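Scroll down for the structure; my scribbles are underneath it.
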Amino acid sequence: MDVALFIVELLVVLGCIVMGTRSSGVGLGLWGGFGVAVLVFVFRLPPGSPPIDALLIVISVVVASSIMQVAGGIDWMVSVAARIISRFPKQITLIAPLVAFLFSVGAGTSNILYPLLPVIQDLSYRNGIRPSRPLSLSVVATGVALACSPVSAAMAAMVTLTEVQPYGFELVDILKVTLPAAVAGIVVSSFVVSRLGKEITADADIQAKIAAGTIPPPGSAAADAAKAEVTVTSGGRRAAVVFLLGVVAIVVFGLFSGLRPLDAEGVPVSMTPIIEIVMFVVGTLIILISRPKASEVPTATVFRAGMVSAVALFGLAWLTDTFLAHYTEEISTSIGGLVTAAPWIFALGVFLVCVLTTSQSTATRTIVPIGLAAGIPLGLLSGMWAGAFAGIYLLPTNGSQIAAANFDTTGSTKLGTKLIDHSFFVPTLVLAASTIVFGAVFGLLWG
């Protein structure tokens, strides 16, 4: 291998990722495609394989979830989540992140958190709990949730990488590691986060706002002001139920391969087309049962965010596959020994790409192939992969972080001025570290 040429080509890949990060959105995908052009036409590398299977899963899930949103299904799910949180107000620093996590797992998107933010802020403040605690951890918890959702874009990328031979590591194999690891990580993190920041009675800034009449005292009737304004309909309830049943069906097909149809070789069909088929059926049933306006789907927030993710996934995954496919043997023999001796390097890689791109699916397609080539045990790889997803919140640039700070009328949830002095920094590190540790343990035991 020509080391100098390898380094130059690697710099092209990294440079395109950095430029795509600066552009954000669809710019990530466009810079990925530009990098492919440089590698193919300048350095004469053969084009890699575009992530067609992952893209088809993402598109099918985005369409189904967008139809559910237009039908009012996400509003219904938010109303249920809000009722659960309100039943345990004193334990909100634990309950709110768990609820945000579980509903993000079911919906396959963290967007469900936005309407819950004012509910979390209101309930925590009225019960004398510093709002930044449940708000910050709830935001970060939705990041690792996408490593536990059968219908997230990140899981689509992961499944298409690991279910093929010689790995044969399918959806259920991933979930049985990532789901308990993430839940355990959230529980541990809640104990740490519940001690962050001053108590409301000892916070001079909050007390000054109360004295000035800017905000009411905790527990007063006037404090019951911020509510998540959502319209709950029977059609929305039916749409959400159909969608969640589709998620359950995907898990069942993953658990019991004998339920799947057989392909031309007489073996059960892989989970990639199963997920796509189930999601299209789900979307069709929602149209028949809830009668949403299909014309509104392209303008739904879930649809727009999902399609942007698909473009980013397409370009960057194609770029990294073009580079990695050409150097698979070299990476396996050189970097493989290092990663095998210190697997945390793999977790750090996923974490850093999440920080730079704020995209779990991009981090998956970029770093997981390296871990696979290095021979990391698949259970261990899955567990560390899930925890590293918290990295998208290390910097205060994500929409949900900004929304949480804006909803917090006390000002306790801060975006900071020095990149590391914001309210999400410590929760991100704690949840990432704890989930990675639990993921490594569960992965080695059950993977």
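Please note that chains go A, B, ... in the order of the structure tokens, that every chain numbers its residues from 1, and that ligands are numbered from 1 in the order shown.
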
ask   = Could you name the residues that touch Ser138 (chain A) at 7 Å or less, counting only C-alpha atoms, but leaving out those on the same chain fewer than 5 positions away, as number ranges by chain?
value = A: 96-97, 100

key: Separation of CA of Leu175 (chain A) from CA of Ser194 (chain A) in Å   =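 Here the two named atoms are 27.8 Å from each other.
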
Ala294 (chain A) environment, 8 Å, only C-alpha atoms, sequence neighbours closer than 4 positions dropped, as a list in words =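 So, after excluding close chain neighbours, the residues are Ile67, Val70 and Ile287 of chain A.
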
task = Apply DSSP to the structure's backbone, then extract all residues of region 88-175 of chain A labelled helix (DSSP H, G or I) and return them as JSON, numbers by chain.
result = {"A": [89, 90, 91, 92, 93, 94, 95, 96, 97, 98, 99, 100, 101, 102, 103, 104, 105, 106, 107, 110, 111, 112, 113, 114, 115, 116, 117, 118, 119, 120, 121, 122, 123, 124, 125, 126, 132, 133, 134, 135, 136, 137, 138, 139, 140, 141, 142, 143, 144, 145, 153, 154, 155, 156, 157, 158, 159, 160, 161, 162, 171, 172, 173, 174, 175]}

ask   = Expressed in Å to a single decimal, how great is the separation between CA of Pro51 (chain A) and CA of Gln360 (chain A)?
value =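 According to the coordinates, CA of Pro51 (chain A) and CA of Gln360 (chain A) are separated by 14.9 Å.
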
inquiry  = Can you pull out the residues contacting Pro273 (chain A)? Cut-off 9 Å, using only C-alpha atoms, and skip same-chain residues under 4 positions away; I want them as a ChimeraX atom specification.
reply    = /A:53,56-57,269,277-278

Keeping N, CA and C atoms for every residue in the selection just given, could you write it to a file as a PDB file, in the first residue's frame?
ATOM      1  N   ASP A  53     -30.129  -0.329   0.218  1.00  0.00           N
ATOM      2  CA  ASP A  53     -31.029  -0.987   1.167  1.00  0.00           C
ATOM      3  C   ASP A  53     -31.368  -0.065   2.336  1.00  0.00           C
ATOM      4  N   LEU A  56     -33.778   2.656   1.194  1.00  0.00           N
ATOM      5  CA  LEU A  56     -35.156   2.185   1.003  1.00  0.00           C
ATOM      6  C   LEU A  56     -35.860   2.004   2.349  1.00  0.00           C
ATOM      7  N   ILE A  57     -35.144   1.529   3.356  1.00  0.00           N
ATOM      8  CA  ILE A  57     -35.743   1.417   4.681  1.00  0.00           C
ATOM      9  C   ILE A  57     -36.101   2.797   5.205  1.00  0.00           C
ATOM     10  N   VAL A 269     -36.577 -14.648   4.198  1.00  0.00           N
ATOM     11  CA  VAL A 269     -36.242 -13.334   3.662  1.00  0.00           C
ATOM     12  C   VAL A 269     -35.578 -12.507   4.751  1.00  0.00           C
ATOM     13  N   ILE A 277     -41.628  -3.613   3.675  1.00  0.00           N
ATOM     14  CA  ILE A 277     -42.991  -4.078   3.378  1.00  0.00           C
ATOM     15  C   ILE A 277     -43.942  -3.695   4.510  1.00  0.00           C
ATOM     16  N   VAL A 278     -43.535  -3.948   5.741  1.00  0.00           N
ATOM     17  CA  VAL A 278     -44.396  -3.653   6.894  1.00  0.00           C
ATOM     18  C   VAL A 278     -44.711  -2.164   6.962  1.00  0.00           C
TER      19      VAL A 278
END

Pull the closest atom pair for each residue of region 43-73 of chain A that gets at most 7 Å from region 234-241 of chain A, along with the distance in Å to one decimal, counting only C-alpha atoms, ordering rows by chain and then ascending residue number, as a Markdown table.
| residue | atom | partner | partner_atom | distance |
| --- | --- | --- | --- | --- |
| A:Met68 | CA | A:Ala239 | CA | 5.4 |
| A:Ala71 | CA | A:Gly236 | CA | 5.2 |
| A:Gly72 | CA | A:Gly236 | CA | 3.9 |
| A:Gly73 | CA | A:Gly236 | CA | 4.0 |

query = Within 9 Å of region 102-105 of chain A, counting only C-alpha atoms, which residues qualify if same-chain residues fewer than 6 places away don't, as JSON, numbers by chain?
reply = {"A": [77, 78, 81, 111, 112, 113, 141, 142, 143, 145, 146, 147, 148, 149, 150, 151, 152]}

message = Between CA of Pro377 (chain A) and CA of Ile436 (chain A), what is the distance in Å, rounded to a tenth?
response = 14.3 Å

ask   = Looking at A:Val18, A:Leu11, A:Ile210, A:Met155, which one is nearest to Trp31 (chain A), with distances taken over only C-alpha atoms?
value = A:Val18

Contact residues around Val242 (chain A) with only C-alpha atoms at 7 Å, ignoring same-chain residues under 4 positions, as a tab-separated table (two decimals) with C-alpha atoms, in the first residue's frame:
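After the write, result22.tsv holds the following:
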chain	number	residue	atom	x	y	z
A	238	ARG	CA	-55.88	4.83	15.51
A	246	GLY	CA	-46.17	-2.26	12.76
A	282	VAL	CA	-48.72	0.49	7.90
A	286	ILE	CA	-53.40	4.55	8.26

Contact table region 155-245 of chain A vs region 397-413 of chain A, cut-off 10 Å, shortest pair per residue, only C-alpha atoms, as a tab-separated table:
residue	atom	partner	partner_atom	distance
A:Gly197	CA	A:Ser412	CA	8.2
A:Lys198	CA	A:Ser412	CA	9.1
A:Ile200	CA	A:Ser412	CA	9.0
A:Asp203	CA	A:Ser412	CA	8.9
A:Asp205	CA	A:Gly411	CA	8.1
A:Ile206	CA	A:Thr410	CA	5.8
A:Gln207	CA	A:Thr410	CA	9.1
A:Lys209	CA	A:Thr410	CA	7.6
A:Ile210	CA	A:Thr410	CA	8.9
A:Thr214	CA	A:Thr409	CA	8.8
A:Ile215	CA	A:Thr410	CA	7.2
A:Pro216	CA	A:Thr410	CA	9.6
A:Ala226	CA	A:Phe407	CA	8.6

Please, could you write that set of residues out with N, CA and C atoms as a PDB file, in the first residue's frame?
ATOM      1  N   GLY A 197     -26.247  21.398  39.161  1.00  0.00           N
ATOM      2  CA  GLY A 197     -26.813  22.730  39.341  1.00  0.00           C
ATOM      3  C   GLY A 197     -27.380  22.951  40.732  1.00  0.00           C
ATOM      4  N   LYS A 198     -27.601  24.204  41.034  1.00  0.00           N
ATOM      5  CA  LYS A 198     -28.132  24.563  42.348  1.00  0.00           C
ATOM      6  C   LYS A 198     -29.619  24.250  42.443  1.00  0.00           C
ATOM      7  N   ILE A 200     -33.451  25.193  43.300  1.00  0.00           N
ATOM      8  CA  ILE A 200     -34.164  26.427  42.961  1.00  0.00           C
ATOM      9  C   ILE A 200     -34.064  27.455  44.087  1.00  0.00           C
ATOM     10  N   ASP A 203     -30.618  29.170  43.973  1.00  0.00           N
ATOM     11  CA  ASP A 203     -30.172  29.768  42.720  1.00  0.00           C
ATOM     12  C   ASP A 203     -30.550  31.244  42.717  1.00  0.00           C
ATOM     13  N   ASP A 205     -30.172  33.576  40.478  1.00  0.00           N
ATOM     14  CA  ASP A 205     -30.792  34.070  39.255  1.00  0.00           C
ATOM     15  C   ASP A 205     -32.283  33.746  39.220  1.00  0.00           C
ATOM     16  N   ILE A 206     -32.643  32.521  39.607  1.00  0.00           N
ATOM     17  CA  ILE A 206     -34.056  32.136  39.611  1.00  0.00           C
ATOM     18  C   ILE A 206     -34.808  32.917  40.680  1.00  0.00           C
ATOM     19  N   GLN A 207     -34.197  33.059  41.849  1.00  0.00           N
ATOM     20  CA  GLN A 207     -34.853  33.799  42.923  1.00  0.00           C
ATOM     21  C   GLN A 207     -35.051  35.261  42.545  1.00  0.00           C
ATOM     22  N   LYS A 209     -35.635  36.358  39.516  1.00  0.00           N
ATOM     23  CA  LYS A 209     -36.773  36.382  38.601  1.00  0.00           C
ATOM     24  C   LYS A 209     -38.089  36.260  39.354  1.00  0.00           C
ATOM     25  N   ILE A 210     -38.094  35.428  40.396  1.00  0.00           N
ATOM     26  CA  ILE A 210     -39.304  35.281  41.208  1.00  0.00           C
ATOM     27  C   ILE A 210     -39.609  36.589  41.926  1.00  0.00           C
ATOM     28  N   THR A 214     -41.096  38.035  37.286  1.00  0.00           N
ATOM     29  CA  THR A 214     -40.936  37.515  35.931  1.00  0.00           C
ATOM     30  C   THR A 214     -41.488  36.102  35.803  1.00  0.00           C
ATOM     31  N   ILE A 215     -41.262  35.296  36.834  1.00  0.00           N
ATOM     32  CA  ILE A 215     -41.813  33.950  36.892  1.00  0.00           C
ATOM     33  C   ILE A 215     -42.486  33.763  38.239  1.00  0.00           C
ATOM     34  N   PRO A 216     -43.520  32.921  38.342  1.00  0.00           N
ATOM     35  CA  PRO A 216     -44.188  32.693  39.620  1.00  0.00           C
ATOM     36  C   PRO A 216     -43.364  31.773  40.508  1.00  0.00           C
ATOM     37  N   ALA A 226     -47.468  26.656  31.363  1.00  0.00           N
ATOM     38  CA  ALA A 226     -46.937  26.078  30.122  1.00  0.00           C
ATOM     39  C   ALA A 226     -47.495  24.683  29.886  1.00  0.00           C
TER      40      ALA A 226
END

query = Which is closer to Val297 (chain A) than all the others in A:Trp76, A:Gln69, A:Arg44, A:Val61, using only C-alpha atoms?
reply =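 Of all the options, A:Gln69 lies closest to Val297 (chain A).
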
inquiry  = Using only C-alpha atoms for the distances, tell me which of A:Met158, A:Ala325, A:Leu245, A:Ala202 is nearest to Thr364 (chain A).
reply    =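 When distances to Thr364 (chain A) are compared using only C-alpha atoms, the smallest one comes from A:Met158.
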
Do a neighbour search on Leu135 (chain A) at 7 Å with only C-alpha atoms, toss out local chain neighbours closer than 4 positions, and write the hits as a CSV table (one decimal) with C-alpha atoms, in the first residue's frame.
chain,number,residue,atom,x,y,z
A,117,LEU,CA,-40.6,20.0,26.6
A,120,ILE,CA,-41.4,18.6,31.5
A,121,GLN,CA,-40.4,22.2,32.3
A,131,PRO,CA,-35.9,22.2,35.1
A,139,VAL,CA,-33.0,15.6,25.2
A,404,ALA,CA,-35.4,23.1,25.7

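The closest residue to Thr417 (chain A), picked from A:Leu45, A:Leu395, A:Val159, A:Ala386 and counting only C-alpha atoms, is A:Leu395.
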